[in-house]
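To start, the structure under review is shown below, and the notes come after it.
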Amino acid sequence: MSAQKDCEFLVKRARELVSDDPCAAKAWLITARTLYPADFNIQYEMYTIERNAERTASAGRLLYDMFITFPDQPIVWREISVITGALRSDCQDKHALFLRGVFETLPGRVQCEMLLKATEQCFNTLEKAEMLLLLLKRFPESVVQHGVNLGETLLEAEVSESLDTPVNCFRKLFVCEVLPLIINNVDMRLPASLLQKYILKAAEFYIGYVARGPSSDGQMQGAPEVGSLKSPSGSRGPQRYVIDGLSEKSSMVTEPWERLLDILSVVGARCEWQGEKGQRSYVDMLQRVKELCRYLPSLEGEMRSRYCSQMVICSVLVLFRSAFLYASAVQPALFQGLNALSSGPWILLEDLSLVYSDVEVERAPVKHGHKKRKLADGREKTMSSDDEEGLGKGRGRHILVNKTEMPGWSETLESFRTARESWDLLHSHEILETEFKKICASWKTDNWLWFRIFLTDMIIYQGQYRKALSSLHQMAAMQQPQPGQQSPSGQASLEGSRALIQQASCHYALGEYRMACEKLLDVVSGLVPPNHEPVKTPEDQGKVKNKSRKGSDLRLLPCTSKAILPFCLQLMFACFKLRVFTDNRDDLSLGHVVVLLQHDWPQGESLFLKALEKIIQQASFQYENFFNYVTNIDMLEEFAYLRTPEGGRIQLELLPNQGMLIKNPSPALGGVELNTLLLQGVQTIDRHHTVTRGITKGVKEDFRLAMERQVSRCGENLLGVLHRFCLNEKIMIIQSLP
Amino acid sequence: MGDIRQSLLPRDVLSAAKELLYHLDIYICNLVQSGRQPPQVDTKTLELVEEFILHSPKDRNIQPRRMSALQELQLLEIMCSCFQEQSRDAVRQLMFSALFSLQGNQADESRMALLSKLVSMSVAVGRVPILECAATWLQRTHRAYCVRLARVLVDDYCSLVPGSVSTLQNIHSSSPRFCCQFITAVTTLYDLTTEDLTPPLELLQMIVSWLQDDPHLVLITLLNTPLSGSQPISSLDLTPLGGLVRWCVKAPLAYRRDKKQVLTNGTSDNETEAGPLFSTLHLSVLQVLMLLPSILNEKGLFGRLALLQLETLATLTSDLSRLLDQADKHAHGPSSDAHALSQLVLDRLAQALQVALANGALLCSREDLRAICSRLPHNNLLQLVMSGPVMYYNNIHTPPMAFSPHSPIATHQPLAPHPASHPSQYPAQPFMSAMPFPYRPNH
């Protein structure tokens with residue numbers, strides 16, 4: 001017989017009893033323990049009973065005893081690692097709460113020792129770090145000894161595991177858990193350079209976190225809901241987001257910008273930055289940097305570099321925050337969790353809403369006085385308040401937005417302005433610019449599509465269109481792999497064509513009309529015209545402002561087919577407008593202009609009259625596509641009138657291959673008929689027939705029939721017609737521009 | 001004093017008693033104030049108490065006066081408020097003692113009767129000062145009278161009025177001292193020898209729940225009593241531990257006997273209810289024993305005060321061997337059920353002995369254990385306990401199982417009220433004794 005046999009016997013008896021009579025089992029074990037106090041199995045069995053019954057106090061007491069008496073037992077360590085695992089996890093189930101409760105019953109000294117030893121036994125860096133973190137959180141005095149080492153270990157792990165994103169588990173732990181402990185510990189003395197390194201690590205993390213794209217996981221989560229017919233996209237819940245290696249809950253960071261500001265204010269205080277008194281807002285921060293900027297040239301040495309660090313770090317944070325806010329407003333689909341809420345996407349383009357109303361054309365030809373009167377009748381141009389007075393001060397460039405469609409317009413424009421100001425500050429001194437470029441290089445900001453979007457818009461705003469074009473080339477390259485996405489409104493959005501649309505706009509601004517048209521026609525070929533004409537709201541009609549503007553305004557347009565197709569038509573019109581209203585004769589361009597003027601009719605009424613005037617001057621007009629694309633009844637009427645003697649017997653060659661047939665057109669009959677048809681009450685005038693009656697009659701007949709057919713097309717969807725025009729006549733349109 | 005008697009005689013019974021209580025209060029206050037040590041209530045006053053409160057005849061010639069039930073109730077109420085209003089503990093104690101200390105005369109019967117009614121009433125209406133005085137009374141009075149008081153309370157609260165047990169339950173919070181003494185008294189009273197002396201289930205449940213709430217409860221008297229060595233002869237034990245051990249160990253046999261009787265009536269299933277209760281109670285007892293070393297060490301009594309006496313345990317084991325023997329005979333052949341019960345009895349005995357020995361509640365050698373258990377049937381655990389743990393050389397640092405072998409207990413007799421029969425063996429903690437001992441559990 002041996003002690004071991006005795007112990008086995010005692011434990012065996014307890015085990016036999018535990019399910020039926022736990023008290024008896026415990027009585028056996030108490031007895032056994034007094035007999036063999038040095039036997040581990042007896043105490044472990046006691047602990048097991050208490051643990052299985054989830055009795056916190058007694059389990060804690062027994063664990064303590066085991067930890068003291070058997071510090072080298074692997075089973076004890078297995079038990080401790082289960083408990084520390086529960087401490088690290090955010091699981092809220094009953095057993096996890098019990099395990100945490102057990103740990104809480106232990107004396108602080110033992111907790112500390114347990115955590116340190118458990119840390120030593122961890123081989124996984126993340127687990128080890130989490131364990132050490134538990135220690136640091138509970139025992140602030142241990143921060144001095146372990147804090148910075150833990151931080152460096154995490155930052156090294158990130159490198160050694162070659163993680164490609166700053167939003168990784170190690171960085172999360174470092175930024176959100178370790179860093180606050182380090183910088184808030186009053187006993188810590190850290191060099192400013194280290195603190196600056198840390199704040200940049202934190203900033204990179206938080207920016208990466210807020211700007212994270214929708215995860216593929218999240219999209220899969222959303223897929224079944226999207227599939228339901230009733231609401232194709234509206235019901236998509238908040239997407240789940242998990243940082244690799246962390247749980248969903250610990251992957252969440254609440255109010256990232258505020259956390260970053262917290263860290264910044266502590267670091268600022270520790271680095272003795274100018275005017276850093278506790279919490280301040282990002283806006284205040286920029287103000288402070290602007291003030292400091294004035295002193296910079298007069299500073300030297302250590303003082304200068306300290307000012308510099310403060311200015312660069314503060315400006316960088318303001319820049320990226322504002323740029324993010326702007327980008328998240330104009331292209332929300334880039335970011336996780338923003339889809340459901342926002343109204344975007346939006347695109348910054350030249351404002352062409354005035355392109356149909358040419359001030360010079362106000363002096364309408366007297367000849368068409370009767371027409372003019374009719375057309376202008378009851379269509380007083382409404383005044384608009386759709387302007388952003390007070391915004392965009394400084395350079396005086398206006399950015400127009402439709403305030404009802406974009407509820408957060410003022411914040412968005414404010415963010416855009418703040419971001420531009422920060423950018424300017426960072427480029428106001430060479431020393432700042434150098435530091436800024438270092439940060440950008442280390443963060444690889446060149447790869448941030450959202451920042452590229454901001455940069456491009458900023459360059460466009462600055463009017464540097466050549467530079468903007470090269471920026472757009474980069475953006476296009478980045479956007480390539482983006483799959484077509486559904487926008488919240490359900491219509492196909494054109495986020496993928498953002499670069500192309502802006503390129504067209506930039507080429508136009510540079511006077512490169514042919515390039516502009518090429519790009520815009522590429523855009524249009526990807527658009528789907530709306531199946532019915534949009535009902536014009538008063539606001540839409542009021543787009544035109546009476547007040548004369550320089551014509552260098554910008555507009556934030558919804559990046560959707562509905563808004564972009566009209567813009568493209570305006571842009572195309574703008575490209576031809578200057579060319580057409582010169583002394584040179586170019587019937588093809590003039591024809592295009594007439595086709596395009598139909599859009600947004602009667603905005604272009606005066607320009608149309610101007611075009612008619614030119615045709616009258618030329619006394620003839622040849623445009624074989626006329627009947628394909630002109631369906632506007634007012635226009636048809638005017639053209640029909642042109643052929644009448646009152647209209648000046650203008651020779652019109654509007655049918656394909658008609659030119660060679662019509663030598664001496666006599667539009668009398670056709671004109672009469674048309675006038676009867678179109679202009680009721682106009683007196684018909686009898687005319688003698690021409691000698692070429694046989695031929696002209698045939699021609700007149702064709703024209704008449706074409707007109708009649710055309711009148712029946714008046715109800716056709718104009719945007720559909722114009723879209724077809726863009727698609728079918730693409731080559732001809734481009735070729736008609738130099 | 002003679003004047004007082006003269007003034008009391010013409011009064012009616014109630015007002016005389018009331019007047020005397022008033023007088024007693026003043027008299028004892030003066031006595032305490034005078035600072036005479038020890039304050040002693042004189043015989044004359046005690047006689048007045050016997051005559052006018054207990055109504056014991058002073059001599060055969062005078063017809064004893066009797067109180068009506070209503071008058072008695074009024075008197076009890078007056079006494080209750082009298083103790084409640086007296087703020088000085090010493091005065092209260094002296095007064096209680098003057099009224100209820102047994103004098104060994106014929107008045108003692110009415111004294112016990114009145115006391116029982118007063119305490120029962122105090123339990124009902126929560127008169128803490130009286131319960132505290134009663135706790136002291138239970139410490140100083142011969143155990144025969146203590147168990148009588150306990151019996152009245154059990155009858156009143158557990159048997160007579162169903163559902164009133166919860167009132168008694170509350171005494172553990174209102175007067176833990178009284179509660180502790182009450183437990184000691186009932187465990188002394190109910191020795192499980194007959195059905196009448198088997199604790200009612202309600203009482204058992206109550207005690208189990210008390211101990212589960214606070215195991216320290218049974219050590220209150222020990223903790224509060226300065227052990228001057230003047231424990232009154234034949235008073236109750238300092239703790240109910242001995243009585244509780246007896247209960248738990250004997251219970252399987254006692255309740256089996258009950259079951260047999262009850263089964264013929266075909267009514268209760270006492271055993272199935274009592275079984276788990278005793279298992280819980282037994283565990284609580286062991287847990288209380290585990291608390292002892294630190295308490296005894298604090299008082300400097302570790303190894304010097306036997307809370308369980310070897311003699312008591314010897315009586316228990318001889319009872320057991322007789323009962324087990326009987327049970328064996330009654331069982332008519334090998335019954336596994338009977339065997340299991342007797343093994344449970346022996347397991348519990350072995351556990352109690354071992355844990356008591358290890359925690360300094362029992363001061364004896366394993367040799368002594370072997371002696372008192374020699375006639376019991378075989379049980380593996382008991383064998384193990386009697387032989388003691390196997391000691392290896394590599395386990396030499398293991399702390400000793402019981403008290404320090406160097407504790408010179410034998411020469412400090414006054415502290416041990418019941419010196420063990422083999423005082424010289426106390427220090428002989430047999431480290432290696434297991435080796436020559438032939439019996440080991442055959443597990």
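Identifiers for the structure tokens are assigned positionally: chains receive A, B, ... in sequence, residues are indexed from 1 per chain, and ligands are indexed from 1 in the order shown.
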Selection near stretch 137-147 of chain B, 9 Å with only C-alpha atoms, sequence-local residues under 3 positions removed, as a ChimeraX atom specification: /B:96-97,100-102,112,132-134,150-152,178,181-182,184-190,221,231-238
Excluding same-chain residues fewer than 6 positions from stretch 271-288 of chain B, what lies within 6 Å of it counting only C-alpha atoms, as an MDAnalysis selection string? (chainID A and resid 23:24 27) or (chainID B and resid 208 215 248 255)
Would you give me, as a count of residues only, the residues in stretch 403-633 of chain A that DSSP reads as strand (DSSP E)? 8
I'd like the neighbourhood of B:Gln351 as a PDB file with N, CA and C atoms, in the first residue's frame, where a residue qualifies if any of its atoms comes within 9 Å (using only C-alpha atoms), though same-chain residues fewer than 4 positions away should be ignored.
ATOM      1  N   ALA A  27     -17.285  15.825   1.689  1.00  0.00           N
ATOM      2  CA  ALA A  27     -16.840  15.339   3.003  1.00  0.00           C
ATOM      3  C   ALA A  27     -15.665  14.384   2.825  1.00  0.00           C
ATOM      4  N   TRP A  28     -15.758  13.523   1.847  1.00  0.00           N
ATOM      5  CA  TRP A  28     -14.648  12.597   1.563  1.00  0.00           C
ATOM      6  C   TRP A  28     -13.372  13.375   1.230  1.00  0.00           C
ATOM      7  N   ILE A  30     -12.597  16.508   1.923  1.00  0.00           N
ATOM      8  CA  ILE A  30     -12.054  17.254   3.082  1.00  0.00           C
ATOM      9  C   ILE A  30     -11.235  16.302   3.951  1.00  0.00           C
ATOM     10  N   THR A  31     -11.805  15.139   4.182  1.00  0.00           N
ATOM     11  CA  THR A  31     -11.090  14.131   4.964  1.00  0.00           C
ATOM     12  C   THR A  31      -9.772  13.764   4.274  1.00  0.00           C
ATOM     13  N   ALA A  32      -9.893  13.525   2.971  1.00  0.00           N
ATOM     14  CA  ALA A  32      -8.707  13.130   2.224  1.00  0.00           C
ATOM     15  C   ALA A  32      -7.623  14.194   2.311  1.00  0.00           C
TER      16      ALA A  32
ATOM     17  N   LEU B 286     -17.854  19.169   9.250  1.00  0.00           N
ATOM     18  CA  LEU B 286     -16.446  19.054   8.848  1.00  0.00           C
ATOM     19  C   LEU B 286     -15.874  20.438   8.500  1.00  0.00           C
ATOM     20  N   LEU B 346     -20.054   4.330   9.208  1.00  0.00           N
ATOM     21  CA  LEU B 346     -18.623   4.217   9.512  1.00  0.00           C
ATOM     22  C   LEU B 346     -17.801   5.238   8.721  1.00  0.00           C
ATOM     23  N   ASP B 347     -18.227   5.495   7.462  1.00  0.00           N
ATOM     24  CA  ASP B 347     -17.547   6.541   6.675  1.00  0.00           C
ATOM     25  C   ASP B 347     -17.613   7.873   7.403  1.00  0.00           C
ATOM     26  N   VAL B 355     -10.979  14.447  10.570  1.00  0.00           N
ATOM     27  CA  VAL B 355     -10.965  15.902  10.424  1.00  0.00           C
ATOM     28  C   VAL B 355     -10.842  16.583  11.792  1.00  0.00           C
ATOM     29  N   ALA B 356     -11.486  16.014  12.798  1.00  0.00           N
ATOM     30  CA  ALA B 356     -11.368  16.565  14.153  1.00  0.00           C
ATOM     31  C   ALA B 356      -9.933  16.445  14.659  1.00  0.00           C
ATOM     32  N   LEU B 381     -12.212   3.373   4.974  1.00  0.00           N
ATOM     33  CA  LEU B 381     -11.770   4.703   5.381  1.00  0.00           C
ATOM     34  C   LEU B 381     -11.372   4.722   6.845  1.00  0.00           C
ATOM     35  N   LEU B 382     -12.165   4.024   7.665  1.00  0.00           N
ATOM     36  CA  LEU B 382     -11.854   3.982   9.094  1.00  0.00           C
ATOM     37  C   LEU B 382     -10.485   3.342   9.316  1.00  0.00           C
ATOM     38  N   VAL B 385      -7.961   5.881   8.472  1.00  0.00           N
ATOM     39  CA  VAL B 385      -7.856   6.918   9.503  1.00  0.00           C
ATOM     40  C   VAL B 385      -7.146   6.384  10.747  1.00  0.00           C
TER      41      VAL B 385
END
So the first atom is atom CA of A:Cys176 and the second is atom CA of A:Glu152; what is the distance between them in Å, to one decimal place? 14.3 Å
Among stretch 101-312 of chain A, which residues does DSSP mark as helix (DSSP H, G or I) when it is run on the backbone? Keep the chain and numbering as in the structure and answer as a VMD selection string. chain A and resid 101 to 105 108 to 120 125 to 138 141 to 160 169 to 184 192 to 210 216 to 227 256 to 270 282 to 298 301 to 312
I'd like the neighbourhood of A:Cys575 as a PDB file with N, CA and C atoms, in the first residue's frame, where a residue qualifies if any of its atoms comes within 9 Å (using only C-alpha atoms), though same-chain residues fewer than 5 positions away should be ignored.
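The resulting file, selection_9.pdb, is reproduced below:
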ATOM      1  N   TYR A 508     -12.996  69.959 -71.119  1.00  0.00           N
ATOM      2  CA  TYR A 508     -13.829  71.088 -71.550  1.00  0.00           C
ATOM      3  C   TYR A 508     -13.283  72.389 -70.981  1.00  0.00           C
ATOM      4  N   GLY A 511     -10.610  73.760 -72.774  1.00  0.00           N
ATOM      5  CA  GLY A 511     -10.910  74.112 -74.168  1.00  0.00           C
ATOM      6  C   GLY A 511     -10.650  72.962 -75.121  1.00  0.00           C
ATOM      7  N   GLU A 512     -10.384  71.775 -74.579  1.00  0.00           N
ATOM      8  CA  GLU A 512     -10.132  70.618 -75.435  1.00  0.00           C
ATOM      9  C   GLU A 512     -11.451  69.909 -75.706  1.00  0.00           C
ATOM     10  N   TYR A 513     -12.227  70.506 -76.643  1.00  0.00           N
ATOM     11  CA  TYR A 513     -13.602  70.068 -76.816  1.00  0.00           C
ATOM     12  C   TYR A 513     -13.701  68.666 -77.393  1.00  0.00           C
ATOM     13  N   ARG A 514     -12.798  68.365 -78.303  1.00  0.00           N
ATOM     14  CA  ARG A 514     -12.879  67.046 -78.922  1.00  0.00           C
ATOM     15  C   ARG A 514     -12.629  65.951 -77.881  1.00  0.00           C
ATOM     16  N   ALA A 516     -13.006  66.309 -74.705  1.00  0.00           N
ATOM     17  CA  ALA A 516     -14.137  66.352 -73.773  1.00  0.00           C
ATOM     18  C   ALA A 516     -15.283  65.504 -74.306  1.00  0.00           C
ATOM     19  N   CYS A 517     -15.557  65.681 -75.645  1.00  0.00           N
ATOM     20  CA  CYS A 517     -16.664  64.932 -76.222  1.00  0.00           C
ATOM     21  C   CYS A 517     -16.382  63.435 -76.259  1.00  0.00           C
ATOM     22  N   GLN A 570     -25.387  68.764 -71.736  1.00  0.00           N
ATOM     23  CA  GLN A 570     -25.001  70.176 -71.578  1.00  0.00           C
ATOM     24  C   GLN A 570     -23.549  70.382 -71.978  1.00  0.00           C
ATOM     25  N   LEU A 737     -15.549  68.054 -84.485  1.00  0.00           N
ATOM     26  CA  LEU A 737     -14.768  68.985 -83.657  1.00  0.00           C
ATOM     27  C   LEU A 737     -13.306  68.890 -84.064  1.00  0.00           C
TER      28      LEU A 737
END
Which of these residues is nearest to A:Ala504, using only C-alpha atoms: A:Arg321, A:Glu350, A:Ile431, A:Phe627?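 Of A:Arg321, A:Glu350, A:Ile431, A:Phe627, the one nearest A:Ala504 is A:Glu350, counting only C-alpha atoms.
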Quick one: residues within 10 Å of B:Leu296, only C-alpha atoms counted, chain neighbours fewer than 2 positions away excluded, as number ranges by chain? B: 222-223, 291-294, 298-305, 359-361
Applying 9 Å and only C-alpha atoms, which residues near A:Ile263 remain after dropping the ones on its own chain fewer than 5 positions away? List them as a VMD selection string. chain A and resid 179 to 180 183 199 202 258 268
Would you save the residues from that selection as a PDB file, in the first residue's frame, using all heavy atoms?
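The resulting file, out.pdb, is reproduced below:
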ATOM      1  N   LEU A 179      -1.466  52.067 -25.730  1.00  0.00           N
ATOM      2  CA  LEU A 179      -1.039  53.471 -25.818  1.00  0.00           C
ATOM      3  C   LEU A 179      -1.691  54.362 -24.753  1.00  0.00           C
ATOM      4  O   LEU A 179      -0.984  55.115 -24.077  1.00  0.00           O
ATOM      5  CB  LEU A 179      -1.293  53.987 -27.239  1.00  0.00           C
ATOM      6  CG  LEU A 179      -0.730  55.371 -27.559  1.00  0.00           C
ATOM      7  CD1 LEU A 179       0.756  55.440 -27.254  1.00  0.00           C
ATOM      8  CD2 LEU A 179      -0.984  55.731 -29.012  1.00  0.00           C
ATOM      9  N   PRO A 180      -3.009  54.277 -24.571  1.00  0.00           N
ATOM     10  CA  PRO A 180      -3.611  55.109 -23.514  1.00  0.00           C
ATOM     11  C   PRO A 180      -3.001  54.839 -22.139  1.00  0.00           C
ATOM     12  O   PRO A 180      -2.792  55.764 -21.353  1.00  0.00           O
ATOM     13  CB  PRO A 180      -5.093  54.715 -23.546  1.00  0.00           C
ATOM     14  CG  PRO A 180      -5.329  54.223 -24.923  1.00  0.00           C
ATOM     15  CD  PRO A 180      -4.057  53.553 -25.335  1.00  0.00           C
ATOM     16  N   ILE A 183       0.605  56.550 -22.163  1.00  0.00           N
ATOM     17  CA  ILE A 183       0.694  58.017 -22.136  1.00  0.00           C
ATOM     18  C   ILE A 183      -0.027  58.624 -20.946  1.00  0.00           C
ATOM     19  O   ILE A 183       0.280  59.728 -20.545  1.00  0.00           O
ATOM     20  CB  ILE A 183       0.191  58.653 -23.457  1.00  0.00           C
ATOM     21  CG1 ILE A 183      -1.262  58.284 -23.736  1.00  0.00           C
ATOM     22  CG2 ILE A 183       1.086  58.267 -24.618  1.00  0.00           C
ATOM     23  CD1 ILE A 183      -1.831  58.960 -24.960  1.00  0.00           C
ATOM     24  N   ILE A 199       1.825  58.679 -31.879  1.00  0.00           N
ATOM     25  CA  ILE A 199       0.602  59.363 -32.303  1.00  0.00           C
ATOM     26  C   ILE A 199       0.374  59.131 -33.794  1.00  0.00           C
ATOM     27  O   ILE A 199      -0.769  58.966 -34.245  1.00  0.00           O
ATOM     28  CB  ILE A 199       0.632  60.880 -31.955  1.00  0.00           C
ATOM     29  CG1 ILE A 199      -0.655  61.572 -32.407  1.00  0.00           C
ATOM     30  CG2 ILE A 199       1.757  61.612 -32.609  1.00  0.00           C
ATOM     31  CD1 ILE A 199      -1.753  61.494 -31.439  1.00  0.00           C
ATOM     32  N   ALA A 202      -1.079  55.784 -34.157  1.00  0.00           N
ATOM     33  CA  ALA A 202      -2.494  55.819 -33.774  1.00  0.00           C
ATOM     34  C   ALA A 202      -3.333  56.438 -34.883  1.00  0.00           C
ATOM     35  O   ALA A 202      -4.391  55.926 -35.253  1.00  0.00           O
ATOM     36  CB  ALA A 202      -2.674  56.603 -32.480  1.00  0.00           C
ATOM     37  N   GLU A 258     -12.718  60.941 -32.053  1.00  0.00           N
ATOM     38  CA  GLU A 258     -12.640  61.479 -30.695  1.00  0.00           C
ATOM     39  C   GLU A 258     -11.502  60.827 -29.926  1.00  0.00           C
ATOM     40  O   GLU A 258     -10.761  61.481 -29.195  1.00  0.00           O
ATOM     41  CB  GLU A 258     -13.961  61.256 -29.957  1.00  0.00           C
ATOM     42  CG  GLU A 258     -15.127  62.010 -30.566  1.00  0.00           C
ATOM     43  CD  GLU A 258     -14.799  63.479 -30.783  1.00  0.00           C
ATOM     44  OE1 GLU A 258     -14.401  64.136 -29.815  1.00  0.00           O
ATOM     45  OE2 GLU A 258     -14.920  63.948 -31.942  1.00  0.00           O
ATOM     46  N   GLY A 268       0.186  65.984 -26.876  1.00  0.00           N
ATOM     47  CA  GLY A 268       0.503  67.400 -26.997  1.00  0.00           C
ATOM     48  C   GLY A 268       0.975  67.987 -25.680  1.00  0.00           C
ATOM     49  O   GLY A 268       1.967  68.720 -25.627  1.00  0.00           O
TER      50      GLY A 268
END
For atom CA of B:Leu369 and atom CA of A:Gln43, determine how far apart the two atoms are, in Å to one decimal place. 25.9 Å
Can you list, as a VMD selection string, every protein, DNA or RNA residue that comes within 8 Å of B:Ile28 when you count only C-alpha atoms, leaving out same-chain residues fewer than 2 positions away? chain B and resid 24 to 26 30 to 32 41 91 94 to 95
Could you work out which residues of chain A fall inside 10 Å of chain B? Count only C-alpha atoms, and format the result as an MDAnalysis selection string. chainID A and resid 1:10 20:38
